[in-house]
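K.L.:
This is the structure, below, for whatever I ask next.
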Amino acid sequence: MKPPAKMSKPTSLFVIFFSLFVMSEAVFEDQVGKFDWRQQYVGKTLFAHFDSHSQSSKKLFLATDKNIFASFNSRTGELFWRHVDKAGPEGTIDILLLHGQDALMVVGGGRLLRSWDTNMGGLNWEAVLDTGSFQAACFVAMQDTVKHVAVLKKAAISLHYLTNGHQKWVENLPDSDTVQYQAVYSGGEEEVYVLGVVPNSHLTIIAYSLEDGEIIKQRSVEAPWLSSVESSCVVVGHGVLMCVDTATLALYALPIQSLDLEVSPGFQPVLVSSQPHPARSPISEFFLQLGPDHHVLLQLNADGYTIAPLRDFQPAFLVSFSTTGEKTVAAVMTPKNETVKKKKNVASCMWSYSSDVFPPQLYVHAFLKKDDSVGYRVLVQTQDHALTFIQQPGRVVWTREEALADVVTMEMVDLPLTGTQAELEGEFGKKADGLFPMVLKRLSSQVILLQAWLAHLWKLFYEARKPHGQVKNEVTIETLSRDEFNLQKMMVMVTASGKLFGIDSKSGSILWKHYLENVQPNAVFKLIVQRTTAHFPHPPQCTLLIKDKDTGLASLHVFNPIFGRKSHIAPPALPRPILQSLLLPVIDQDYAKVLLLVDDQYKVTAFPSTKNVLQQLQEMASSIFFYLIRSDQGNLSGFRLRKDLSTERIWEVVLPTEVQKIVAVNGKRPNEHVHSQGRVMGDRSVLYKYLNPNLLAVVTESTDAHPERAFVGVFLVDGVTGRIIHEAVQRKARGPVHFVHSENWVVYEYWNTKSRRNEFSVLELFEGTELYNSTVFSSLDRPHLPQVLQQTYIFPSPITTMEATLTEKGITSRHLLVGLPSGAILSLPKMFLDPRRPEVVTEHSREENLIPYAPEMPIRTEWFINYNQTVARVKGIYTAPSGLESTCLVVAYGLDIYQTRVYPSKQFDVLKDDYDYVLISSVLFALFFATMISKRLAQVKLLNRAWR
Amino acid sequence: MASVPRSFLLLSIIPTILILCADFACCNTGRKTGDGLDTDFSGFSVPLEHSFEVDDVSRFRMRGALQLRGGRETSVSLSQSQLSEEDRNTLKEVAAVDGLYKIRVPRVSLTDRQTERQMDGYLTAFVRACSLVESHLSDVITLHTDVSGYLIGVSIVTIPGACRGTEVEDEVDLEAFNTTLTIIVPTNAPQPETALFIERMDIEHEKRGKPQEQKSFFAKYWMYIVPLVLFLMMSGAQDQSGGGAANGGGR
């Protein structure tokens with residue numbers, strides 16, 4: 001680490017001491033990447049193309065469901081560049097076409113047509129398309145050169161120049177209210193064909209002139225068996241439309257020009273064909289899928305009427321074509337291995353994948369090797385959103401875990417102790433059985449420690465001889481152990497696709513992954529740490545509650561967060577929808593916290609539900625309270641547990657839904673510590689904080705959206721007694737409301753509809769200058785309402801998410817971590833959000849170090865904790881305490897994942913890297929000797945005086 | 001609606017400490033919600049019910065009647081009867097087993113009499129029976145309304161609130177409730193106080209800015225300009241006269 005630039009060489013003890021506290025807040029250039037890392041993701045692939053423009057190209061182009069167009073290095077899987085469009089339907093990528101150096105994209109349901117330069121990733125041009133929902137698009141070639149692109153909308157077809165995006169012509173489609181136009185095709189002639197269908201009646205084929213968009217031909221073919229062109233028809237060979245009849249399992253070949261019908265025996269509904277170059281006709285071979293694992297390769301004969309079967313593939317899940325030069329290969333994925341077949345002679349490559357991540361997409365790239373044989377590369381997108389790139393002999397070149405682009409929730413778990421530490425811990429954990437065995441046990445663990453130490457020394461000695469660069473500690477699951485200050489933790493991340501990841505927080509490497517099958521796409525996840533790493537012989541235990549949003553039915557997945565392995569503990573069966581889950585501080589005999597699940601009949605299931613736990617629950621039942629919130633009815637209600645694990649409703653608060661609706665409810669984090677009970681004011685009296693651990697912050701928004709009448713309501717409700725502690729209304733305001741609830745304060749952010757700006761408001765609760773009961777807090781015995789202070793500020797930016805820092809003991813001052821839409825994460829000192837900031841500076845306020853009130857909250861660029869490492873579409877920020885009081889671990893997730901450390905009160909408990917040990921020790925020694933010498937001198941002097 | 005801006009203005013002047021505006025029983029409260037319903041309702045009454053059972057199954061009985069007055073000025077009062085001998089004994093028994101004393105009021109609107117009857121459901125709150133007994137039935141009941149005058153919650157606390165296990169010997173202490181009744185309307189959260197801040201900034205600017213502006217350029221830097229002019233005059237006097245001085249002065 002570079003010494004802070006503003007510090008001069010420390011010359012005295014005082015300066016050394018002081019320099020510990022004065023450290024610049026921003027990151028120095030050489031600190032970049034030392035404590036932080038970022039990983040960029042793109043999401044699930046919708047379209048993928050290989051850059052076949054040049055032989056040595058290593059580019060790969062992807063368009064994803066997160067509205068991202070990205071380019072990868074196909075050798076390493078690293079991102080070259082990435083374009084993040086608007087989230088939601090406005091930025092949806094409808095189609096991605098690649099030709100030469102141009103990548104063409106239709107965006108936002110047919111709103112925009114874009115052309116990208118694939119070399120640099122720059123935008124060539126962008127054209128706004130006429131309104132209408134997008135159906136299909138294809139390149140249109142003329143005399144072997146591709147010059148146009150045709151875009152088919154619901155009621156119109158338009159032709160655009162490839163060079164500048166200008167529209168050549170646009171034509172309305174005839175009878176577009178009855179005919180569903182679904183496909184557009186060009187085979188390199190002077191015509192563009194549009195295929196439409198009237199379901200179960202007939203097929204319409206219109207040929208447009210390329211020059212002026214005139215209709216050259218228009219035909220209608222009786223096809224009462226056909227319902228959709230898209231799913232059951234392909235163009236094969238020289239303009240022959242091949243359709244499959246799903247009902248009678250017949251295959252129809254439909255030469256577009258001659259319109260002759262030919263029936264040949266066929267079966268199942270999916271056809272796969274390939275058109276290698278837009279200027280030429282599609283190849284005459286095509287696949288017919290007969291069942292989920294049965295494909296047949298067929299060939300349309302040169303006469304255009306007869307079909308010959310080439311080869312039968314069973315079992316085969318996925319098929320794909322790829323062309324290089326004059327050669328076309330068909331790739332077939334079979335369940336055990338993957339075979340790449342080149343016309344007739346088979347080359348195969350094997351790679352293994354678990355059957356639970358059945359791959360839904362397959363992209364094959366064929367290329368000519370130097371000896372003119374054909375080589376293959378395969379990109380496989382599996383169901384767990386992993387993207388795997390395979391080379392011909394079956395070597396997995398790289399894998400990208402794109403599921404991490406959609407992290408839903410996460411927890412950080414302490415790493416286990418090292419083997420030797422655990423051995424010592426275990427010694428104390430075991431039951432004492434006599435003096436002699438204990439001595440033996442102690443001796444054996446000492447021997448083990450000695451062994452470990454010798455091994456460590458040997459390793460040091462061995463590695464010292466090697467060049468420095470090679471000594472790189474690879475983090476593997478075996479070598480995982482807690483560091484001195486507990487700065488390295490295991491990040492357990494739950495993604496929307498149902499894949500769980502264990503990531504090392506120091507390096508960002510994925511240490512384990514586990515794919516949960518049968519997770520519904522609308523599932524809600526809640527991750528609970530039931531047992532931490534602190535109880536050594538027992539492994540740590542996490543429980544994931546997976547709840548179907550519609551039915552409310554839930555299931556539990558219990559696993560070890562360090563290794564990702566599923567626990568052998570059987571979770572309880574949950575036949576009824578789950579309304580609420582709560583983690584009790586009650587611990588069973590194996591040190592696992594008890595999880596209570598409340599179902600829709602207000603019955604409680606405990607997990608684990610051993611006899612010990614049930615007994616404890618019975619004893620504690622009358623002091624276990626919980627709350628339920630039904631935001632659709634505006635109903636908040638509280639319950640108390642009975643001895644027989646049934647519940648009784650004890651309070652009810654109803655916010656009429658005609659006036660306002662509950663948008664968010666937030667309690668406090670259970671692992672939060674507050675060090676200081678109060679605040680010392682300027683006159684030396686103490687203002688005590690109202691620290692109610694059961695307090696809920698309920699945020700509502702008005703149903704009336706009129707800017708003058710809209711409001712945001714903030715209710716502070718006690719979760720045990722249902723008492724409304726505070727009720728405030730922010731007038732002329734609307735959401736989205738982001739808020740943080742911690743200690744004795746709530747900070748919320750909203751949109752001011754009158755002034756059209758974002759505003760921050762802070763509420764702080766104080767008991768006053770006297771505590772009611774200083775020893776213990778009970779919601780049932782706190783009759784006086786707290787004083788509430790509130791102040792509001794203007795914030796010059798919209799925000800996307802907000803979280804507060806968290807430290808081990810709560811001594812360090814708090815910062816708010818604010819995720820901005822720009823991807824920056826702002827560390828805003830809570831000091832700026834203090835309702836006691838005075839309007840007019842007085843002696844007392846200066847004494848208290850209160851910043852004078854200013855209506856606008858500053859955004860300083862040095863407060864961005866992620867400097868230029870922006871986190872695209874930041875969705876959540878997770879904070880965790882570390883073993884160092886000054887340090888808080890931060891993970892921001894969204895499209896990207898960013899991990900760093902923050903020091904809200906600077907690193908007051910850490911010596912700097914450039915700490916001058918030599919100086920301080922020499923000063924100490926000098927002082928020591930000086931006292932020795934002066935003592936001796938004084939003695940001599942005293943002796944002399946005595947003799948006199 | 002005219003009352004809204006005025007209330008904001010008031011709010012922007014009062015200092016930052018917002019103590020919950022709690023208005024006590026039978027007192028009129030200035031409603032800040034600005035609904036502006038001019039019709040002055042004659043008060044209406046809703047039942048206040050309570051339940052205390054040894055087996056903790058709620059069986060609500062009449063405790064008293066709440067007299068509510070909506071409209072511009074909200075007020076509430078409570079008339080309640082004494083506890084019967086039987087009730088007193090039950091309450092003591094419930095307190096002995098650490099049972100709950102629950103109260104409930106129906107959901108009503110203070111402003112809109114039409115919807116009052118349509119809304120179903122109750123607002124419930126509880127307090128430990130032992131603390132009610134030990135406080136000699138002195139309780140504080142608070143009713144909360146939302147911006148449009150609907151009752152949204154009720155709460156009950158006793159003073160003192162703790163259960164210390166002291167026996168209440170005197171039966172007379174458990175006869176009549178000593179109730180403090182409060183109705184709380186939502187407070188308006190403050191807006192950013194820009195006007196005051198700008199005013200203050202202006203004053204500071206004036207303080208700091210004025211003496212500096214009054215001094216002219218020449219008045220400030222005469223000690224540099226005069227020697228320069230003199231120097232130029234001295235050096236220029238040998239060849240030409242006056243040219244340099246004119247330049248210096250013109251700057």
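Residue names in the structure tokens use chain letters A, B, ... in the order shown, residue numbers from 1 in each chain, and ligand numbers from 1 in the order shown.
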Using the chain letters and numbers from this document, which residues of stretch 12-153 of chain A does DSSP assign to strand (DSSP E or B), as a count of residues only?

P.N.:
70

K.L.:
Would you kindly report the residues of chain B within 7 Å of chain A, using only C-alpha atoms, as a list in words?

P.N.:
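That gives the following set of residues: Thr16, Ile17, Leu18, Ile19, Leu20, Leu123, Thr124, Ala125, Phe126, Ile152, Gly153, Ser155, Val157, Thr158, Ile159, Gly161, Ala162, Pro186, Thr187, Asn188, Ala189, Pro190, Gln191, Pro192, Glu193, Thr194 and Phe197 of chain B.
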
K.L.:
Assign secondary structure with DSSP using the backbone only, and return the residues of stretch 48-200 of chain B in alpha helix (DSSP H) as a PyMOL selection string.

P.N.:
chain B and resi 85-96+113-118+129-134+194-200

K.L.:
Selection from above, N, CA and C atoms, as a JSON list (two decimals), in the first residue's frame, can you write it?

P.N.:
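Listing of selection_27.json after writing:
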```json
[["chain", "number", "residue", "atom", "x", "y", "z"],
["B", 85, "GLU", "N", -68.30, -7.92, 40.47],
["B", 85, "GLU", "CA", -67.59, -8.81, 41.40],
["B", 85, "GLU", "C", -66.99, -10.00, 40.66],
["B", 86, "GLU", "N", -67.82, -10.58, 39.81],
["B", 86, "GLU", "CA", -67.41, -11.76, 39.05],
["B", 86, "GLU", "C", -66.23, -11.42, 38.14],
["B", 87, "ASP", "N", -66.34, -10.27, 37.44],
["B", 87, "ASP", "CA", -65.29, -9.84, 36.54],
["B", 87, "ASP", "C", -63.98, -9.62, 37.28],
["B", 88, "ARG", "N", -64.11, -9.04, 38.45],
["B", 88, "ARG", "CA", -62.90, -8.77, 39.24],
["B", 88, "ARG", "C", -62.18, -10.06, 39.59],
["B", 89, "ASN", "N", -62.95, -11.05, 39.95],
["B", 89, "ASN", "CA", -62.34, -12.33, 40.31],
["B", 89, "ASN", "C", -61.70, -12.97, 39.09],
["B", 90, "THR", "N", -62.42, -12.93, 37.97],
["B", 90, "THR", "CA", -61.85, -13.51, 36.75],
["B", 90, "THR", "C", -60.55, -12.81, 36.41],
["B", 91, "LEU", "N", -60.57, -11.49, 36.50],
["B", 91, "LEU", "CA", -59.38, -10.72, 36.13],
["B", 91, "LEU", "C", -58.21, -11.11, 37.01],
["B", 92, "LYS", "N", -58.46, -11.31, 38.26],
["B", 92, "LYS", "CA", -57.39, -11.71, 39.17],
["B", 92, "LYS", "C", -56.87, -13.10, 38.82],
["B", 93, "GLU", "N", -57.81, -13.97, 38.46],
["B", 93, "GLU", "CA", -57.40, -15.33, 38.08],
["B", 93, "GLU", "C", -56.55, -15.30, 36.81],
["B", 94, "VAL", "N", -56.99, -14.49, 35.86],
["B", 94, "VAL", "CA", -56.25, -14.38, 34.59],
["B", 94, "VAL", "C", -54.86, -13.81, 34.87],
["B", 95, "ALA", "N", -54.82, -12.84, 35.75],
["B", 95, "ALA", "CA", -53.53, -12.23, 36.09],
["B", 95, "ALA", "C", -52.62, -13.27, 36.72],
["B", 96, "ALA", "N", -53.20, -14.16, 37.50],
["B", 96, "ALA", "CA", -52.39, -15.17, 38.19],
["B", 96, "ALA", "C", -51.74, -16.13, 37.21],
["B", 113, "ARG", "N", -69.61, 9.08, 7.53],
["B", 113, "ARG", "CA", -70.56, 8.27, 8.30],
["B", 113, "ARG", "C", -71.16, 7.14, 7.47],
["B", 114, "GLN", "N", -71.11, 7.28, 6.15],
["B", 114, "GLN", "CA", -71.74, 6.26, 5.31],
["B", 114, "GLN", "C", -70.98, 4.93, 5.40],
["B", 115, "THR", "N", -69.65, 5.03, 5.32],
["B", 115, "THR", "CA", -68.87, 3.79, 5.28],
["B", 115, "THR", "C", -68.71, 3.18, 6.66],
["B", 116, "GLU", "N", -69.11, 3.93, 7.66],
["B", 116, "GLU", "CA", -68.88, 3.45, 9.02],
["B", 116, "GLU", "C", -69.53, 2.10, 9.25],
["B", 117, "ARG", "N", -70.73, 1.97, 8.75],
["B", 117, "ARG", "CA", -71.46, 0.74, 8.99],
["B", 117, "ARG", "C", -70.96, -0.40, 8.09],
["B", 118, "GLN", "N", -70.42, -0.04, 6.95],
["B", 118, "GLN", "CA", -70.05, -1.09, 6.01],
["B", 118, "GLN", "C", -68.77, -1.82, 6.40],
["B", 129, "ALA", "N", -52.69, -9.07, 31.81],
["B", 129, "ALA", "CA", -53.72, -8.85, 32.83],
["B", 129, "ALA", "C", -53.09, -8.48, 34.17],
["B", 130, "CYS", "N", -51.91, -9.07, 34.44],
["B", 130, "CYS", "CA", -51.30, -8.80, 35.75],
["B", 130, "CYS", "C", -50.89, -7.33, 35.87],
["B", 131, "SER", "N", -50.42, -6.76, 34.76],
["B", 131, "SER", "CA", -50.01, -5.36, 34.86],
["B", 131, "SER", "C", -51.23, -4.46, 35.03],
["B", 132, "LEU", "N", -52.37, -4.89, 34.47],
["B", 132, "LEU", "CA", -53.60, -4.10, 34.65],
["B", 132, "LEU", "C", -54.04, -4.16, 36.11],
["B", 133, "VAL", "N", -53.93, -5.34, 36.68],
["B", 133, "VAL", "CA", -54.33, -5.50, 38.08],
["B", 133, "VAL", "C", -53.39, -4.70, 38.98],
["B", 134, "GLU", "N", -52.08, -4.83, 38.71],
["B", 134, "GLU", "CA", -51.11, -4.17, 39.58],
["B", 134, "GLU", "C", -51.13, -2.66, 39.46],
["B", 194, "THR", "N", -35.69, 24.56, 2.59],
["B", 194, "THR", "CA", -34.82, 25.32, 1.69],
["B", 194, "THR", "C", -34.91, 26.81, 1.95],
["B", 195, "ALA", "N", -36.13, 27.30, 2.20],
["B", 195, "ALA", "CA", -36.34, 28.75, 2.31],
["B", 195, "ALA", "C", -35.49, 29.34, 3.44],
["B", 196, "LEU", "N", -35.56, 28.63, 4.58],
["B", 196, "LEU", "CA", -34.84, 29.14, 5.75],
["B", 196, "LEU", "C", -33.33, 29.11, 5.51],
["B", 197, "PHE", "N", -32.92, 28.04, 4.83],
["B", 197, "PHE", "CA", -31.49, 27.87, 4.57],
["B", 197, "PHE", "C", -30.97, 28.98, 3.65],
["B", 198, "ILE", "N", -31.75, 29.26, 2.61],
["B", 198, "ILE", "CA", -31.33, 30.30, 1.66],
["B", 198, "ILE", "C", -31.27, 31.66, 2.36],
["B", 199, "GLU", "N", -32.28, 31.87, 3.20],
["B", 199, "GLU", "CA", -32.31, 33.12, 3.96],
["B", 199, "GLU", "C", -31.04, 33.28, 4.81],
["B", 200, "ARG", "N", -30.71, 32.17, 5.46],
["B", 200, "ARG", "CA", -29.54, 32.20, 6.32],
["B", 200, "ARG", "C", -28.27, 32.43, 5.50]]
```

K.L.:
Could you name the residues that touch A:Trp37 at 10 Å or less, counting only C-alpha atoms, but leaving out those on the same chain fewer than 6 positions away, as a list in words?

P.N.:
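Contacts, with the query itself left out: Ser505, Lys506, Ser507, Gly508, Asn866, Gln869, Val891, Ile897, Tyr898, Gln899 and Thr900 of chain A.
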
K.L.:
If you keep all heavy atoms, can you produce a file of those selected residues as a CSV table (one decimal), in the first residue's frame?

P.N.:
```
chain,number,residue,atom,x,y,z
A,505,SER,N,-15.2,-15.0,-0.4
A,505,SER,CA,-15.4,-13.6,-0.5
A,505,SER,C,-14.1,-12.9,-0.8
A,505,SER,O,-14.1,-11.7,-1.2
A,505,SER,CB,-15.9,-13.1,0.8
A,505,SER,OG,-14.9,-13.1,1.8
A,506,LYS,N,-13.0,-13.5,-0.6
A,506,LYS,CA,-11.7,-12.9,-0.8
A,506,LYS,C,-11.3,-12.8,-2.3
A,506,LYS,O,-10.9,-11.8,-2.8
A,506,LYS,CB,-10.6,-13.6,-0.1
A,506,LYS,CG,-9.3,-12.8,0.1
A,506,LYS,CD,-8.4,-13.5,1.0
A,506,LYS,CE,-7.2,-12.7,1.4
A,506,LYS,NZ,-6.3,-13.4,2.3
A,507,SER,N,-11.5,-14.0,-3.0
A,507,SER,CA,-11.1,-14.0,-4.4
A,507,SER,C,-12.3,-14.0,-5.3
A,507,SER,O,-12.1,-13.7,-6.5
A,507,SER,CB,-10.3,-15.3,-4.6
A,507,SER,OG,-11.2,-16.4,-4.3
A,508,GLY,N,-13.4,-14.3,-4.9
A,508,GLY,CA,-14.6,-14.4,-5.8
A,508,GLY,C,-14.7,-15.7,-6.5
A,508,GLY,O,-15.6,-15.8,-7.4
A,866,ASN,N,-16.9,2.0,-4.9
A,866,ASN,CA,-16.5,1.1,-6.0
A,866,ASN,C,-15.9,1.8,-7.2
A,866,ASN,O,-15.9,1.4,-8.3
A,866,ASN,CB,-17.7,0.2,-6.5
A,866,ASN,CG,-18.9,1.1,-7.0
A,866,ASN,OD1,-19.0,2.2,-6.6
A,866,ASN,ND2,-19.8,0.5,-7.7
A,869,GLN,N,-15.6,0.7,-10.8
A,869,GLN,CA,-16.1,-0.7,-10.9
A,869,GLN,C,-17.6,-0.7,-10.7
A,869,GLN,O,-18.1,-1.2,-9.7
A,869,GLN,CB,-15.5,-1.6,-9.9
A,869,GLN,CG,-14.0,-1.6,-9.9
A,869,GLN,CD,-13.4,-2.5,-11.0
A,869,GLN,OE1,-13.7,-3.7,-11.0
A,869,GLN,NE2,-12.7,-2.0,-11.9
A,891,VAL,N,-21.2,-6.6,-0.1
A,891,VAL,CA,-21.4,-7.3,-1.4
A,891,VAL,C,-22.6,-6.6,-2.1
A,891,VAL,O,-23.7,-6.5,-1.5
A,891,VAL,CB,-21.7,-8.8,-1.2
A,891,VAL,CG1,-21.9,-9.4,-2.6
A,891,VAL,CG2,-20.7,-9.5,-0.5
A,897,ILE,N,-21.6,-8.7,-9.6
A,897,ILE,CA,-21.3,-8.9,-8.2
A,897,ILE,C,-20.1,-8.1,-7.8
A,897,ILE,O,-19.0,-8.3,-8.5
A,897,ILE,CB,-21.2,-10.4,-7.9
A,897,ILE,CG1,-22.5,-11.1,-8.2
A,897,ILE,CG2,-20.9,-10.6,-6.4
A,897,ILE,CD1,-22.5,-12.5,-8.0
A,898,TYR,N,-20.1,-7.3,-6.8
A,898,TYR,CA,-19.0,-6.6,-6.4
A,898,TYR,C,-18.8,-6.8,-4.9
A,898,TYR,O,-19.8,-6.6,-4.1
A,898,TYR,CB,-19.2,-5.1,-6.7
A,898,TYR,CG,-18.1,-4.2,-6.3
A,898,TYR,CD1,-16.9,-4.2,-7.0
A,898,TYR,CD2,-18.2,-3.4,-5.1
A,898,TYR,CE1,-15.8,-3.4,-6.6
A,898,TYR,CE2,-17.1,-2.6,-4.7
A,898,TYR,CZ,-15.9,-2.6,-5.4
A,898,TYR,OH,-14.9,-1.9,-5.0
A,899,GLN,N,-17.6,-7.1,-4.5
A,899,GLN,CA,-17.4,-7.3,-3.1
A,899,GLN,C,-16.2,-6.4,-2.7
A,899,GLN,O,-15.2,-6.2,-3.4
A,899,GLN,CB,-16.9,-8.8,-2.9
A,899,GLN,CG,-16.9,-9.2,-1.4
A,899,GLN,CD,-15.6,-8.9,-0.7
A,899,GLN,OE1,-15.5,-8.6,0.4
A,899,GLN,NE2,-14.5,-8.9,-1.5
A,900,THR,N,-16.4,-5.8,-1.5
A,900,THR,CA,-15.3,-4.9,-1.0
A,900,THR,C,-15.5,-4.8,0.5
A,900,THR,O,-16.3,-5.4,1.1
A,900,THR,CB,-15.4,-3.5,-1.7
A,900,THR,OG1,-14.2,-2.8,-1.3
A,900,THR,CG2,-16.6,-2.7,-1.2
```

K.L.:
Show which residues sit within 9 Å of A:Val378, as a ChimeraX atom specification. Count only C-alpha atoms, and ignore same-chain residues fewer than 6 positions away.

P.N.:
/A:331,362-366,388-392

K.L.:
Please dump the current selection as a PDB file, in the first residue's frame; keep N, CA, C and O atoms.

P.N.:
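Listed below is the output, result14.pdb:
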```pdb
ATOM      1  N   ALA A 331     -25.018 -31.296 -35.474  1.00  0.00           N
ATOM      2  CA  ALA A 331     -24.628 -31.721 -34.136  1.00  0.00           C
ATOM      3  C   ALA A 331     -25.829 -32.345 -33.466  1.00  0.00           C
ATOM      4  O   ALA A 331     -26.942 -31.830 -33.551  1.00  0.00           O
ATOM      5  N   LEU A 362     -28.256 -25.337 -27.770  1.00  0.00           N
ATOM      6  CA  LEU A 362     -26.987 -25.859 -28.265  1.00  0.00           C
ATOM      7  C   LEU A 362     -26.579 -25.017 -29.456  1.00  0.00           C
ATOM      8  O   LEU A 362     -27.366 -24.790 -30.376  1.00  0.00           O
ATOM      9  N   TYR A 363     -25.372 -24.506 -29.456  1.00  0.00           N
ATOM     10  CA  TYR A 363     -24.860 -23.741 -30.584  1.00  0.00           C
ATOM     11  C   TYR A 363     -23.555 -24.384 -31.032  1.00  0.00           C
ATOM     12  O   TYR A 363     -22.680 -24.627 -30.210  1.00  0.00           O
ATOM     13  N   VAL A 364     -23.462 -24.638 -32.310  1.00  0.00           N
ATOM     14  CA  VAL A 364     -22.279 -25.323 -32.820  1.00  0.00           C
ATOM     15  C   VAL A 364     -21.561 -24.401 -33.783  1.00  0.00           C
ATOM     16  O   VAL A 364     -22.181 -23.678 -34.571  1.00  0.00           O
ATOM     17  N   HIS A 365     -20.270 -24.398 -33.684  1.00  0.00           N
ATOM     18  CA  HIS A 365     -19.469 -23.634 -34.628  1.00  0.00           C
ATOM     19  C   HIS A 365     -18.503 -24.595 -35.302  1.00  0.00           C
ATOM     20  O   HIS A 365     -17.708 -25.262 -34.643  1.00  0.00           O
ATOM     21  N   ALA A 366     -18.587 -24.696 -36.595  1.00  0.00           N
ATOM     22  CA  ALA A 366     -17.668 -25.556 -37.338  1.00  0.00           C
ATOM     23  C   ALA A 366     -16.672 -24.667 -38.052  1.00  0.00           C
ATOM     24  O   ALA A 366     -17.007 -23.567 -38.487  1.00  0.00           O
ATOM     25  N   THR A 388     -21.474 -23.281 -21.229  1.00  0.00           N
ATOM     26  CA  THR A 388     -20.269 -24.101 -21.309  1.00  0.00           C
ATOM     27  C   THR A 388     -19.761 -24.097 -22.739  1.00  0.00           C
ATOM     28  O   THR A 388     -20.542 -24.230 -23.678  1.00  0.00           O
ATOM     29  N   PHE A 389     -18.470 -23.952 -22.879  1.00  0.00           N
ATOM     30  CA  PHE A 389     -17.859 -23.944 -24.197  1.00  0.00           C
ATOM     31  C   PHE A 389     -16.972 -25.175 -24.304  1.00  0.00           C
ATOM     32  O   PHE A 389     -16.091 -25.404 -23.476  1.00  0.00           O
ATOM     33  N   ILE A 390     -17.215 -25.978 -25.346  1.00  0.00           N
ATOM     34  CA  ILE A 390     -16.533 -27.262 -25.468  1.00  0.00           C
ATOM     35  C   ILE A 390     -15.792 -27.309 -26.788  1.00  0.00           C
ATOM     36  O   ILE A 390     -16.326 -26.885 -27.819  1.00  0.00           O
ATOM     37  N   GLN A 391     -14.596 -27.854 -26.745  1.00  0.00           N
ATOM     38  CA  GLN A 391     -13.851 -28.050 -27.981  1.00  0.00           C
ATOM     39  C   GLN A 391     -13.925 -29.503 -28.388  1.00  0.00           C
ATOM     40  O   GLN A 391     -14.298 -30.366 -27.606  1.00  0.00           O
ATOM     41  N   GLN A 392     -13.486 -29.757 -29.584  1.00  0.00           N
ATOM     42  CA  GLN A 392     -13.811 -31.016 -30.215  1.00  0.00           C
ATOM     43  C   GLN A 392     -13.543 -32.290 -29.409  1.00  0.00           C
ATOM     44  O   GLN A 392     -14.438 -33.106 -29.273  1.00  0.00           O
TER      45      GLN A 392
END
```

K.L.:
I'd like the interatomic distance between atom CA of A:Ala150 and atom CA of A:Phe286, to a tenth of an Å.

P.N.:
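We find that atom CA of A:Ala150 and atom CA of A:Phe286 lie 24.1 Å from each other.
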
K.L.:
How many Å lie between atom CA of A:Ile206 and atom CA of A:Tyr181, rounded to one decimal?

P.N.:
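Atom CA of A:Tyr181 lies at a distance of 10.0 Å from atom CA of A:Ile206.
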
K.L.:
Can you tell me, as a count of residues only, what residues are no more than 9 Å from B:Ser79 when counting only C-alpha atoms, ignoring any on the same chain fewer than 2 positions away?

P.N.:
7

K.L.:
In Å, with one decimal, what is the gap from atom CA of A:Pro561 to atom CA of A:Ala534?

P.N.:
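Distance between the two atoms: 13.1 Å.
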
K.L.:
Which residues are close to B:Ile156, i.e. within 7 Å by only C-alpha atoms, leaving aside same-chain residues fewer than 4 positions away? Reply as a PyMOL selection string.

P.N.:
chain B and resi 125-127+139-142

K.L.:
Let me see the file: selected residues, N, CA and C atoms, as a tab-separated table (two decimals), in the first residue's frame.

P.N.:
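Output (selection16.tsv):
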```
chain	number	residue	atom	x	y	z
B	125	ALA	N	-56.21	-4.94	20.62
B	125	ALA	CA	-54.95	-4.70	21.33
B	125	ALA	C	-55.03	-5.45	22.64
B	126	PHE	N	-53.87	-5.60	23.27
B	126	PHE	CA	-53.87	-6.37	24.50
B	126	PHE	C	-52.87	-5.79	25.48
B	127	VAL	N	-53.02	-6.19	26.71
B	127	VAL	CA	-52.05	-5.87	27.75
B	127	VAL	C	-52.06	-7.05	28.71
B	139	ASP	N	-55.23	2.62	32.98
B	139	ASP	CA	-54.72	2.30	31.66
B	139	ASP	C	-54.79	3.51	30.74
B	140	VAL	N	-54.00	3.46	29.70
B	140	VAL	CA	-54.00	4.51	28.67
B	140	VAL	C	-54.41	3.86	27.37
B	141	ILE	N	-55.52	4.27	26.83
B	141	ILE	CA	-55.97	3.72	25.55
B	141	ILE	C	-55.74	4.78	24.49
B	142	THR	N	-55.11	4.38	23.41
B	142	THR	CA	-54.81	5.32	22.34
B	142	THR	C	-55.48	4.82	21.06
```
